[in-house]
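Novice: The following file, run-v9.cif, comprises mmCIF, C-alpha atoms:
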data_structure
loop_
_atom_site.label_atom_id
_atom_site.label_comp_id
_atom_site.auth_asym_id
_atom_site.auth_seq_id
_atom_site.Cartn_x
_atom_site.Cartn_y
_atom_site.Cartn_z
CA MET A 1 102.63 75.87 110.44
CA ILE A 2 103.43 78.98 108.43
CA ARG A 3 106.40 81.04 109.63
CA LEU A 4 107.00 84.63 108.60
CA ALA A 5 109.88 87.08 108.95
CA ALA A 6 109.00 90.73 108.40
CA VAL A 7 110.78 94.07 108.42
CA GLY A 8 110.57 97.41 106.66
CA ASP A 9 112.35 100.72 106.28
CA LEU A 10 115.82 99.31 105.65
CA HIS A 11 116.75 102.45 103.67
CA LEU A 12 119.68 100.70 102.01
CA GLY A 13 122.34 102.79 100.30
CA SER A 14 125.93 102.41 99.24
CA ASP A 15 126.88 102.69 102.93
CA SER A 16 124.75 99.66 103.84
CA ARG A 17 126.54 96.78 102.08
CA GLY A 18 126.45 93.67 104.22
CA ALA A 19 123.82 95.05 106.59
CA VAL A 20 121.11 92.59 105.51
CA ARG A 21 123.08 89.62 104.16
CA SER A 22 124.68 88.87 107.53
CA HIS A 23 121.23 88.20 109.02
CA LEU A 24 119.92 85.90 106.30
CA ARG A 25 122.17 82.89 106.71
CA HIS A 26 119.93 81.07 109.21
CA LEU A 27 116.66 82.72 108.24
CA GLY A 28 115.40 79.48 106.70
CA ASP A 29 115.52 77.82 110.13
CA HIS A 30 112.97 80.32 111.47
CA ALA A 31 110.79 81.46 108.57
CA ASP A 32 109.21 80.27 105.34
CA VAL A 33 108.68 83.66 103.69
CA PHE A 34 110.49 87.00 104.17
CA LEU A 35 108.23 90.08 103.97
CA LEU A 36 109.56 93.59 103.29
CA THR A 37 107.24 96.57 103.91
CA GLY A 38 108.87 99.20 101.74
CA ASP A 39 111.44 102.00 102.00
CA LEU A 40 113.90 99.39 100.83
CA THR A 41 116.30 102.06 99.52
CA LYS A 42 117.44 105.49 100.69
CA ARG A 43 116.31 107.48 97.66
CA GLY A 44 114.99 104.95 95.14
CA GLU A 45 118.18 105.08 93.06
CA PRO A 46 118.91 102.00 90.91
CA GLU A 47 122.37 101.74 92.50
CA GLU A 48 120.72 101.43 95.90
CA ALA A 49 118.30 98.80 94.63
CA ALA A 50 121.34 96.93 93.32
CA VAL A 51 122.83 96.94 96.83
CA LEU A 52 119.64 95.39 98.19
CA ALA A 53 119.49 92.90 95.32
CA ASP A 54 123.02 91.74 96.14
CA GLU A 55 122.04 91.37 99.80
CA LEU A 56 118.95 89.30 98.94
CA ARG A 57 120.40 87.28 96.06
CA ASP A 58 121.16 84.26 98.22
CA CYS A 59 118.25 84.63 100.66
CA PRO A 60 117.31 81.08 101.63
CA ILE A 61 113.55 81.74 101.54
CA PRO A 62 111.16 83.52 99.14
CA VAL A 63 111.09 87.30 99.53
CA VAL A 64 107.90 89.35 99.02
CA ALA A 65 108.06 93.15 99.09
CA VAL A 66 106.22 96.37 98.47
CA LEU A 67 107.84 99.73 97.71
CA GLY A 68 107.72 102.73 100.03
CA ASN A 69 107.85 106.48 99.51
CA HIS A 70 111.67 106.56 99.59
CA ASP A 71 111.73 104.02 96.76
CA TYR A 72 109.87 106.54 94.58
CA HIS A 73 112.08 109.60 95.27
CA ALA A 74 114.38 109.16 92.26
CA GLU A 75 111.23 108.71 90.15
CA VAL A 76 112.30 105.37 88.67
CA PRO A 77 110.30 102.87 90.78
CA LYS A 78 109.90 100.49 87.84
CA GLU A 79 113.69 100.22 87.61
CA VAL A 80 113.88 99.48 91.35
CA VAL A 81 111.27 96.76 90.89
CA ARG A 82 113.08 95.27 87.89
CA ILE A 83 116.37 95.06 89.76
CA LEU A 84 114.73 93.29 92.69
CA GLU A 85 112.67 90.95 90.52
CA ASP A 86 115.85 89.96 88.67
CA VAL A 87 117.08 88.30 91.89
CA GLY A 88 113.74 86.59 92.54
CA VAL A 89 112.03 89.09 94.85
CA THR A 90 108.26 89.28 94.33
CA VAL A 91 107.28 92.96 94.38
CA LEU A 92 103.56 93.55 94.84
CA ASP A 93 101.58 96.59 93.71
CA GLY A 94 97.89 95.79 93.81
CA THR A 95 98.87 92.21 93.02
CA SER A 96 99.15 89.06 95.06
CA VAL A 97 101.25 85.93 95.38
CA THR A 98 100.49 82.53 96.86
CA PHE A 99 102.69 79.75 98.21
CA ASP A 100 102.09 76.23 99.47
CA VAL A 101 103.56 75.96 102.96
CA ASP A 102 103.32 72.83 105.09
CA GLY A 103 100.05 71.73 103.48
CA GLN A 104 98.43 75.16 103.68
CA ARG A 105 97.97 77.86 101.04
CA LEU A 106 99.52 81.22 102.02
CA GLY A 107 98.35 84.33 100.17
CA VAL A 108 100.01 87.75 100.30
CA ALA A 109 98.47 90.88 98.75
CA GLY A 110 100.47 94.07 98.70
CA VAL A 111 100.45 97.73 97.81
CA LYS A 112 102.48 100.79 98.80
CA GLY A 113 99.47 102.69 100.03
CA PHE A 114 99.41 106.41 100.74
CA GLY A 115 98.29 108.85 103.39
CA ASN A 116 95.15 110.86 103.81
CA GLY A 117 94.56 110.33 107.50
CA PHE A 118 91.99 108.69 109.70
CA PRO A 119 88.34 109.33 110.64
CA GLY A 120 87.83 112.73 112.17
CA ALA A 121 91.09 114.08 110.78
CA SER A 122 91.34 113.00 107.18
CA ALA A 123 91.80 114.96 103.99
CA SER A 124 88.89 115.31 101.57
CA GLU A 125 88.87 114.84 97.83
CA PHE A 126 87.75 118.43 97.45
CA GLY A 127 89.10 121.75 96.27
CA GLU A 128 92.23 122.22 94.24
CA PRO A 129 93.32 119.62 91.70
CA GLU A 130 96.40 118.95 93.85
CA MET A 131 94.21 118.12 96.86
CA LYS A 132 91.96 115.87 94.82
CA ALA A 133 95.05 114.15 93.41
CA PHE A 134 96.47 113.62 96.92
CA VAL A 135 93.35 111.93 98.26
CA GLY A 136 92.65 110.22 94.95
CA HIS A 137 96.06 108.57 95.12
CA ALA A 138 95.25 107.17 98.57
CA ARG A 139 91.90 105.89 97.33
CA ASP A 140 93.48 104.32 94.26
CA HIS A 141 95.97 102.40 96.38
CA ALA A 142 93.23 101.16 98.68
CA GLU A 143 91.29 99.92 95.66
CA ARG A 144 94.41 98.12 94.47
CA LEU A 145 94.81 96.49 97.87
CA GLU A 146 91.18 95.38 97.70
CA SER A 147 91.82 93.81 94.32
CA GLY A 148 94.84 91.87 95.57
CA LEU A 149 93.15 90.77 98.80
CA THR A 150 90.10 89.54 96.90
CA GLU A 151 92.34 87.31 94.78
CA ILE A 152 93.68 85.45 97.83
CA GLN A 153 90.48 85.01 99.81
CA GLY A 154 90.50 81.24 99.19
CA CYS A 155 93.86 80.82 100.92
CA ASP A 156 94.26 79.29 104.37
CA VAL A 157 96.29 82.25 105.63
CA THR A 158 95.99 85.72 104.10
CA ILE A 159 98.38 88.61 104.59
CA ALA A 160 98.17 92.25 103.58
CA LEU A 161 101.52 93.94 102.98
CA MET A 162 101.83 97.71 102.68
CA HIS A 163 104.13 100.61 103.48
CA TYR A 164 101.63 103.14 104.83
CA ALA A 165 99.63 102.42 107.99
CA PRO A 166 96.02 101.18 107.85
CA CYS A 167 95.20 102.12 111.44
CA VAL A 168 96.02 104.65 114.15
CA GLU A 169 97.06 102.17 116.83
CA THR A 170 100.42 101.39 115.22
CA LEU A 171 101.09 105.11 114.90
CA ARG A 172 101.12 105.54 118.70
CA GLY A 173 104.31 107.49 119.40
CA GLU A 174 104.11 109.57 116.24
CA ARG A 175 102.80 113.13 116.50
CA PRO A 176 99.07 113.15 115.67
CA GLU A 177 99.63 116.17 113.40
CA ILE A 178 101.42 113.96 110.88
CA HIS A 179 99.12 110.93 110.94
CA ALA A 180 97.64 112.06 107.61
CA PHE A 181 101.07 111.59 106.04
CA LEU A 182 101.62 108.20 107.64
CA GLY A 183 98.55 106.24 106.65
CA SER A 184 94.99 106.11 105.47
CA TYR A 185 91.72 104.81 106.83
CA PHE A 186 90.95 103.74 103.24
CA LEU A 187 93.47 100.91 103.76
CA GLY A 188 91.96 99.88 107.09
CA GLU A 189 88.48 99.96 105.64
CA VAL A 190 89.54 97.51 102.92
CA LEU A 191 91.07 95.20 105.51
CA ASP A 192 87.88 95.27 107.58
CA ARG A 193 85.61 94.79 104.58
CA ILE A 194 87.53 92.02 102.78
CA GLY A 195 89.35 90.51 105.76
CA CYS A 196 92.80 89.02 106.23
CA ASP A 197 94.71 87.28 108.99
CA ILE A 198 97.30 90.00 109.50
CA ALA A 199 98.52 93.22 107.92
CA PHE A 200 102.13 94.39 108.00
CA HIS A 201 103.30 97.95 107.34
CA GLY A 202 106.24 100.27 107.93
CA HIS A 203 106.79 104.01 107.35
CA ALA A 204 106.08 105.15 110.93
CA HIS A 205 109.54 105.00 112.52
CA ALA A 206 108.33 106.40 115.85
CA GLY A 207 105.17 104.29 115.96
CA SER A 208 104.29 101.10 117.81
CA GLU A 209 104.59 97.52 116.64
CA ARG A 210 101.17 96.19 117.67
CA GLY A 211 97.70 97.36 116.79
CA GLN A 212 94.51 96.44 115.04
CA THR A 213 91.95 97.99 112.73
CA PRO A 214 88.56 99.11 114.08
CA GLY A 215 87.20 95.78 112.78
CA GLY A 216 89.79 93.77 114.70
CA ILE A 217 92.30 92.86 111.96
CA THR A 218 95.75 92.31 113.50
CA VAL A 219 98.23 94.94 112.33
CA ARG A 220 102.00 94.97 112.88
CA ASN A 221 104.28 97.95 112.22
CA VAL A 222 107.61 96.30 111.36
CA ALA A 223 109.60 99.44 110.47
CA GLN A 224 113.10 98.57 111.64
CA PRO A 225 113.37 101.59 113.99
CA VAL A 226 110.21 100.28 115.70
CA ILE A 227 111.09 96.60 116.07
CA GLU A 228 114.81 97.25 116.64
CA HIS A 229 115.73 93.91 115.11
CA ALA A 230 116.95 92.66 111.75
CA TYR A 231 113.39 91.29 111.35
CA ASN A 232 110.57 90.05 113.56
CA LEU A 233 109.16 86.53 113.46
CA TYR A 234 105.52 85.46 113.36
CA CYS A 235 103.79 82.13 112.84
CA PHE A 236 100.36 80.68 112.14
CA GLY A 237 99.23 77.27 113.28
CA SER A 238 101.18 74.74 115.23
CA ARG A 239 101.96 71.27 114.02
CA GLU A 240 99.89 68.61 115.73
CA GLY A 241 101.48 67.70 119.01
CA GLN A 242 103.67 70.79 119.21
CA GLU A 243 103.07 73.81 121.34
CA GLY A 244 103.86 77.23 119.96
CA CYS A 245 105.95 77.93 116.92
CA GLU A 246 109.33 76.30 116.80
CA PRO A 247 112.16 76.24 114.32
CA GLY A 248 111.74 73.57 111.70
CA PRO A 249 113.47 72.15 108.68
CA GLU A 250 114.20 74.47 105.83
CA ARG A 251 111.69 73.84 103.08
CA SER A 252 112.26 76.89 100.90
CA ALA A 253 112.79 75.05 97.62
CA GLU A 254 109.34 73.47 97.65
CA ILE A 255 107.73 76.71 98.82
CA LEU A 256 109.37 78.71 96.03
CA ALA A 257 108.34 76.10 93.47
CA SER A 258 104.71 76.59 94.53
CA ARG A 259 104.79 80.38 94.00
CA ARG A 260 101.89 81.76 91.94
CA ILE A 261 101.78 85.49 91.18
CA THR A 262 98.47 87.01 90.13
CA THR A 263 98.46 90.30 88.23
CA MET B 1 112.42 138.86 112.42
CA THR B 2 113.36 138.39 116.04
CA PRO B 3 115.83 135.63 116.89
CA ASP B 4 113.13 133.37 118.36
CA VAL B 5 111.02 133.70 115.23
CA GLU B 6 114.07 132.90 113.11
CA ASP B 7 114.67 129.82 115.27
CA HIS B 8 111.02 128.82 114.78
CA TYR B 9 111.52 128.60 111.02
CA LEU B 10 115.04 127.23 111.30
CA VAL B 11 113.61 124.07 112.89
CA GLU B 12 111.76 123.30 109.69
CA GLN B 13 114.64 124.31 107.45
CA ILE B 14 116.81 121.81 109.28
CA ARG B 15 114.16 119.08 109.09
CA GLN B 16 113.79 119.62 105.36
CA ALA B 17 117.56 119.65 104.83
CA LEU B 18 117.93 116.35 106.69
CA ALA B 19 115.20 114.88 104.50
CA MET B 20 116.52 116.18 101.19
CA ASP B 21 120.30 116.00 101.61
CA ASP B 22 121.68 112.88 99.93
CA ARG B 23 123.97 112.23 102.85
CA VAL B 24 121.03 111.62 105.25
CA ASN B 25 117.57 111.42 103.54
CA GLU B 26 115.80 110.89 106.86
CA LEU B 27 112.29 112.35 107.11
CA GLY B 28 111.38 111.68 110.73
CA LEU B 29 114.12 113.34 112.78
CA ILE B 30 113.09 115.59 115.66
CA VAL B 31 114.68 119.04 115.74
CA ALA B 32 114.67 121.69 118.47
CA VAL B 33 116.37 125.06 118.18
CA ALA B 34 116.83 127.61 120.93
CA GLU B 35 119.43 130.12 122.08
CA GLY B 36 122.09 129.19 119.57
CA THR B 37 121.76 125.43 119.91
CA ALA B 38 120.20 122.92 117.53
CA VAL B 39 119.36 119.50 118.98
CA ILE B 40 118.56 116.60 116.68
CA LYS B 41 117.03 113.34 117.87
CA GLY B 42 115.74 110.18 116.25
CA THR B 43 117.16 107.19 114.45
CA VAL B 44 119.12 106.85 111.25
CA SER B 45 120.10 103.71 109.39
CA THR B 46 123.91 103.90 109.40
CA ALA B 47 126.80 105.43 111.33
CA GLN B 48 127.80 107.42 108.24
CA ARG B 49 124.36 109.04 108.09
CA ARG B 50 124.57 109.83 111.80
CA GLU B 51 127.83 111.70 111.23
CA ALA B 52 126.32 113.42 108.24
CA VAL B 53 123.51 114.83 110.40
CA THR B 54 126.07 117.02 112.17
CA SER B 55 127.59 118.13 108.88
CA VAL B 56 124.27 119.00 107.25
CA VAL B 57 123.05 121.03 110.21
CA SER B 58 126.39 122.80 110.71
CA GLU B 59 126.44 123.84 107.06
CA LEU B 60 122.86 125.12 107.20
CA ALA B 61 123.18 126.89 110.55
CA PRO B 62 126.77 128.08 111.00
CA GLY B 63 127.23 129.64 114.39
CA TYR B 64 124.78 127.27 116.05
CA GLU B 65 126.04 124.54 118.35
CA VAL B 66 124.88 121.20 116.97
CA VAL B 67 123.91 118.56 119.53
CA ASN B 68 123.49 115.34 117.59
CA GLN B 69 121.51 112.90 119.74
CA THR B 70 120.53 110.60 116.86
CA THR B 71 121.11 106.88 117.19
CA VAL B 72 121.71 104.17 114.62
CA THR B 73 118.81 101.74 114.14
CA SER B 74 119.40 98.42 115.86
CA ASP B 75 119.40 95.34 113.63
CA ALA B 76 120.00 92.74 116.34
CA GLU B 77 118.69 89.28 115.53
CA THR B 78 115.77 87.76 117.40
CA GLU B 79 114.47 84.24 117.82
CA GLN B 80 111.32 85.38 119.64
CA VAL B 81 108.24 84.44 117.63
CA GLU B 82 104.76 85.89 117.94
CA ASP B 83 102.30 82.99 117.67
CA LEU B 84 99.25 84.21 115.76
CA SER B 85 97.40 80.88 115.79
#
Just give me the structure of the file as structure tokens.

Specialist:
Amino acid sequence: MIRLAAVGDLHLGSDSRGAVRSHLRHLGDHADVFLLTGDLTKRGEPEEAAVLADELRDCPIPVVAVLGNHDYHAEVPKEVVRILEDVGVTVLDGTSVTFDVDGQRLGVAGVKGFGNGFPGASASEFGEPEMKAFVGHARDHAERLESGLTEIQGCDVTIALMHYAPCVETLRGERPEIHAFLGSYFLGEVLDRIGCDIAFHGHAHAGSERGQTPGGITVRNVAQPVIEHAYNLYCFGSREGQEGCEPGPERSAEILASRRITT
Amino acid sequence: MTPDVEDHYLVEQIRQALAMDDRVNELGLIVAVAEGTAVIKGTVSTAQRREAVTSVVSELAPGYEVVNQTTVTSDAETEQVEDLS
């Protein structure tokens, strides 16, 4: 059994100290890996990343994250990444990480992603340099996701982690006029072409938790305003003789020791 | 510009201010402006940012009544698990 906790859009700032830490004490009883889908900070300031790092420092299970648009606003995303990696967080950007969990190999590929919209209402890589750059950025991030997902295809359970949405279904509740700023069909196309067991994203605060890509890949929008919890819990596979997913012994030390990051 | 046209653009000025002001930095808030009243809805991450919504809008649109209907994002814990087996 592989147990996951996932949340995004924490938007931590100096006014958020203690907001995350208080929920992590028993996380190891319910999850093997903690996934964060970006917008970890309010404005991407190093001081805000330091707040999050302090919150996660003693997290009982491995943490895997991607950045979101807010984490880029101060224009020092590499500093944000460094601060988080210093406390053991794995930050993915077109890269992947694998863990051994309960006899199975778990693979997570991640990327921030970007928006250009969905079929029938997407932007084209045409016209002004700024427009080509906008769509090109979305395409570049999808290619990075493809690279990371390809690396983990031999794993028993594969997860795609991103900030922007790969499908329209988890944007239900958001105004259609802004879907182009919330996600990209390029991401969904990669998921459908390469395949994975589940994709997590955030960014769409007024969206819906559950959806799937046109090809049937399970997608979950775990932006905190959507799930209205400290995190949501998911699991794959039940131990023989058990029904459903139940709390189990904490095994974080052996899981963390098995971590392999591919770049 | 007539007052209703001014209100039309004020909606966006408020939205942009709530996104850019360091006290809030929230991009997805819903704003409606009409007849001297600005109503703001949506979720923010902390109580301080919720209070700041009123301040930011009041400073941008003095003379308008500010109706702050934003809520703070819930971070309640859950033990419900979605089984994806």

Novice: For chain A against chain B, which residues fall within 6 Å using all atoms listed in the file, given as a PyMOL selection string?

Specialist: chain A and resi 225+228-230+233-237

Novice: If you measure from CA of Glu151 in chain A to CA of Ala199 in chain A, what distance in Å do you get, rounded to one decimal?

Specialist: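 Separation of CA of Glu151 in chain A and CA of Ala199 in chain A: 15.7 Å.
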
Novice: With all atoms listed in the file as the counted atoms, please give the residues lying no more than 6 Å from Gly183 in chain A, apart from itself and same-chain residues fewer than 3 positions off, as a PyMOL selection string.

Specialist: chain A and resi 114-115+117+164-166+180

Novice: Please measure the separation of CA of Pro176 in chain A and CA of Ala204 in chain A, giving the value in Å to one decimal.

Specialist: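 Distance between the two atoms: 11.6 Å.
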
Novice: To test your reading of the syntax: which residues would the PyMOL selection byres ((chain B and resi 10-17) around 8) return for the file shown? Reply as a PyMOL selection string.

Specialist: chain B and resi 6-9+18-21+27+29-33+56-57+60

Novice: Which residues are close to range 16-26 of chain A, i.e. within 12 Å by all atoms listed in the file, leaving aside same-chain residues fewer than 6 positions away? Reply as a ChimeraX atom specification.

Specialist: /A:5,7-10,32-34,36,40-42,47-63,224,229-232,247-250 /B:44-49,73-79

Novice: What is the distance between CA of Arg82 in chain A and CA of Thr98 in chain A, in Å to one decimal?

Specialist: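 CA of Arg82 in chain A sits 20.0 Å away from CA of Thr98 in chain A.
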
Novice: Evaluated on this file, the PyMOL selection byres ((chain A and resi 159) around 12) picks out some residues - which ones are they, written as a ChimeraX atom specification?

Specialist: /A:2,4,6,33,35,37,64,96-99,105-111,145,148-153,155-158,160-162,191,194-201,217-220,234-236

Novice: Contacts of Ala206 in chain A at 7 Å or less, counting only C-alpha atoms, minus same-chain residues fewer than 4 places along, as a PyMOL selection string?

Specialist: chain A and resi 173-174+226

Novice: Evaluate the PyMOL selection byres ((chain A and resi 168) around 8) here and jot the selected residues down as a list in words.

Specialist: Phe118, Ala165, Pro166, Cys167, Glu169, Thr170, Leu171, Arg172, His179, Gly211 and Thr213 of chain A

Novice: Which residue, A:Glu146, A:Leu67, A:Glu128, A:His163, has the smallest gap to Thr90 in chain A when you use only C-alpha atoms?

Specialist: A:Leu67

Novice: For a quick check of understanding, using all atoms listed in the file, which of B:Glu35, B:Ala52, B:Thr2, B:Lys41 has the smallest distance to Val67 in chain B?

Specialist: B:Lys41

Novice: Nearest to Ile255 in chain A: which of A:Ala142, A:Val190, A:Ala123, A:Ala31 is it, counting all atoms listed in the file?

Specialist: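 Closest residue, counting all atoms listed in the file: A:Ala31.
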
Novice: Give me the residues within 9 Å of Arg193 in chain A as a PyMOL selection string, counting all atoms listed in the file and dropping any in the same chain fewer than 4 places off.

Specialist: chain A and resi 146+188-189+215

Novice: Would you output range 52-99 of chain A from that structure, restricted to C-alpha atoms, as a PDB file, in the first residue's frame?

Specialist:
ATOM      1  CA  LEU A  52       7.777  27.096   5.073  1.00  0.00           C
ATOM      2  CA  ALA A  53      11.157  25.438   5.602  1.00  0.00           C
ATOM      3  CA  ASP A  54      10.782  25.857   9.358  1.00  0.00           C
ATOM      4  CA  GLU A  55       7.288  24.358   9.163  1.00  0.00           C
ATOM      5  CA  LEU A  56       8.507  21.337   7.179  1.00  0.00           C
ATOM      6  CA  ARG A  57      11.846  20.813   8.919  1.00  0.00           C
ATOM      7  CA  ASP A  58      10.510  18.094  11.207  1.00  0.00           C
ATOM      8  CA  CYS A  59       7.950  16.618   8.795  1.00  0.00           C
ATOM      9  CA  PRO A  60       7.829  12.908   9.614  1.00  0.00           C
ATOM     10  CA  ILE A  61       7.618  11.811   5.968  1.00  0.00           C
ATOM     11  CA  PRO A  62       9.425  12.763   2.727  1.00  0.00           C
ATOM     12  CA  VAL A  63       8.120  15.947   1.101  1.00  0.00           C
ATOM     13  CA  VAL A  64       8.000  16.398  -2.697  1.00  0.00           C
ATOM     14  CA  ALA A  65       7.015  19.758  -4.165  1.00  0.00           C
ATOM     15  CA  VAL A  66       6.769  21.860  -7.287  1.00  0.00           C
ATOM     16  CA  LEU A  67       6.743  25.665  -7.381  1.00  0.00           C
ATOM     17  CA  GLY A  68       3.766  27.758  -8.452  1.00  0.00           C
ATOM     18  CA  ASN A  69       3.365  31.183 -10.010  1.00  0.00           C
ATOM     19  CA  HIS A  70       3.413  32.951  -6.626  1.00  0.00           C
ATOM     20  CA  ASP A  71       6.778  31.336  -5.889  1.00  0.00           C
ATOM     21  CA  TYR A  72       8.206  33.135  -8.934  1.00  0.00           C
ATOM     22  CA  HIS A  73       6.874  36.649  -8.176  1.00  0.00           C
ATOM     23  CA  ALA A  74       9.986  37.908  -6.359  1.00  0.00           C
ATOM     24  CA  GLU A  75      12.025  36.518  -9.276  1.00  0.00           C
ATOM     25  CA  VAL A  76      14.307  34.392  -7.101  1.00  0.00           C
ATOM     26  CA  PRO A  77      12.800  30.896  -7.518  1.00  0.00           C
ATOM     27  CA  LYS A  78      16.207  29.229  -7.269  1.00  0.00           C
ATOM     28  CA  GLU A  79      16.640  30.743  -3.805  1.00  0.00           C
ATOM     29  CA  VAL A  80      13.204  29.440  -2.795  1.00  0.00           C
ATOM     30  CA  VAL A  81      14.210  25.985  -4.021  1.00  0.00           C
ATOM     31  CA  ARG A  82      17.545  26.114  -2.191  1.00  0.00           C
ATOM     32  CA  ILE A  83      15.904  27.031   1.104  1.00  0.00           C
ATOM     33  CA  LEU A  84      13.437  24.163   0.813  1.00  0.00           C
ATOM     34  CA  GLU A  85      16.025  21.640  -0.331  1.00  0.00           C
ATOM     35  CA  ASP A  86      18.182  22.582   2.670  1.00  0.00           C
ATOM     36  CA  VAL A  87      15.509  21.043   4.934  1.00  0.00           C
ATOM     37  CA  GLY A  88      15.175  17.925   2.776  1.00  0.00           C
ATOM     38  CA  VAL A  89      12.262  18.865   0.508  1.00  0.00           C
ATOM     39  CA  THR A  90      12.582  17.435  -3.008  1.00  0.00           C
ATOM     40  CA  VAL A  91      11.601  20.189  -5.456  1.00  0.00           C
ATOM     41  CA  LEU A  92      10.871  18.935  -8.966  1.00  0.00           C
ATOM     42  CA  ASP A  93      11.150  20.919 -12.189  1.00  0.00           C
ATOM     43  CA  GLY A  94      11.109  18.539 -15.120  1.00  0.00           C
ATOM     44  CA  THR A  95      12.783  16.027 -12.833  1.00  0.00           C
ATOM     45  CA  SER A  96      11.584  12.999 -10.942  1.00  0.00           C
ATOM     46  CA  VAL A  97      12.106  11.152  -7.682  1.00  0.00           C
ATOM     47  CA  THR A  98      11.475   7.561  -6.688  1.00  0.00           C
ATOM     48  CA  PHE A  99      10.917   5.861  -3.346  1.00  0.00           C
TER      49      PHE A  99
END
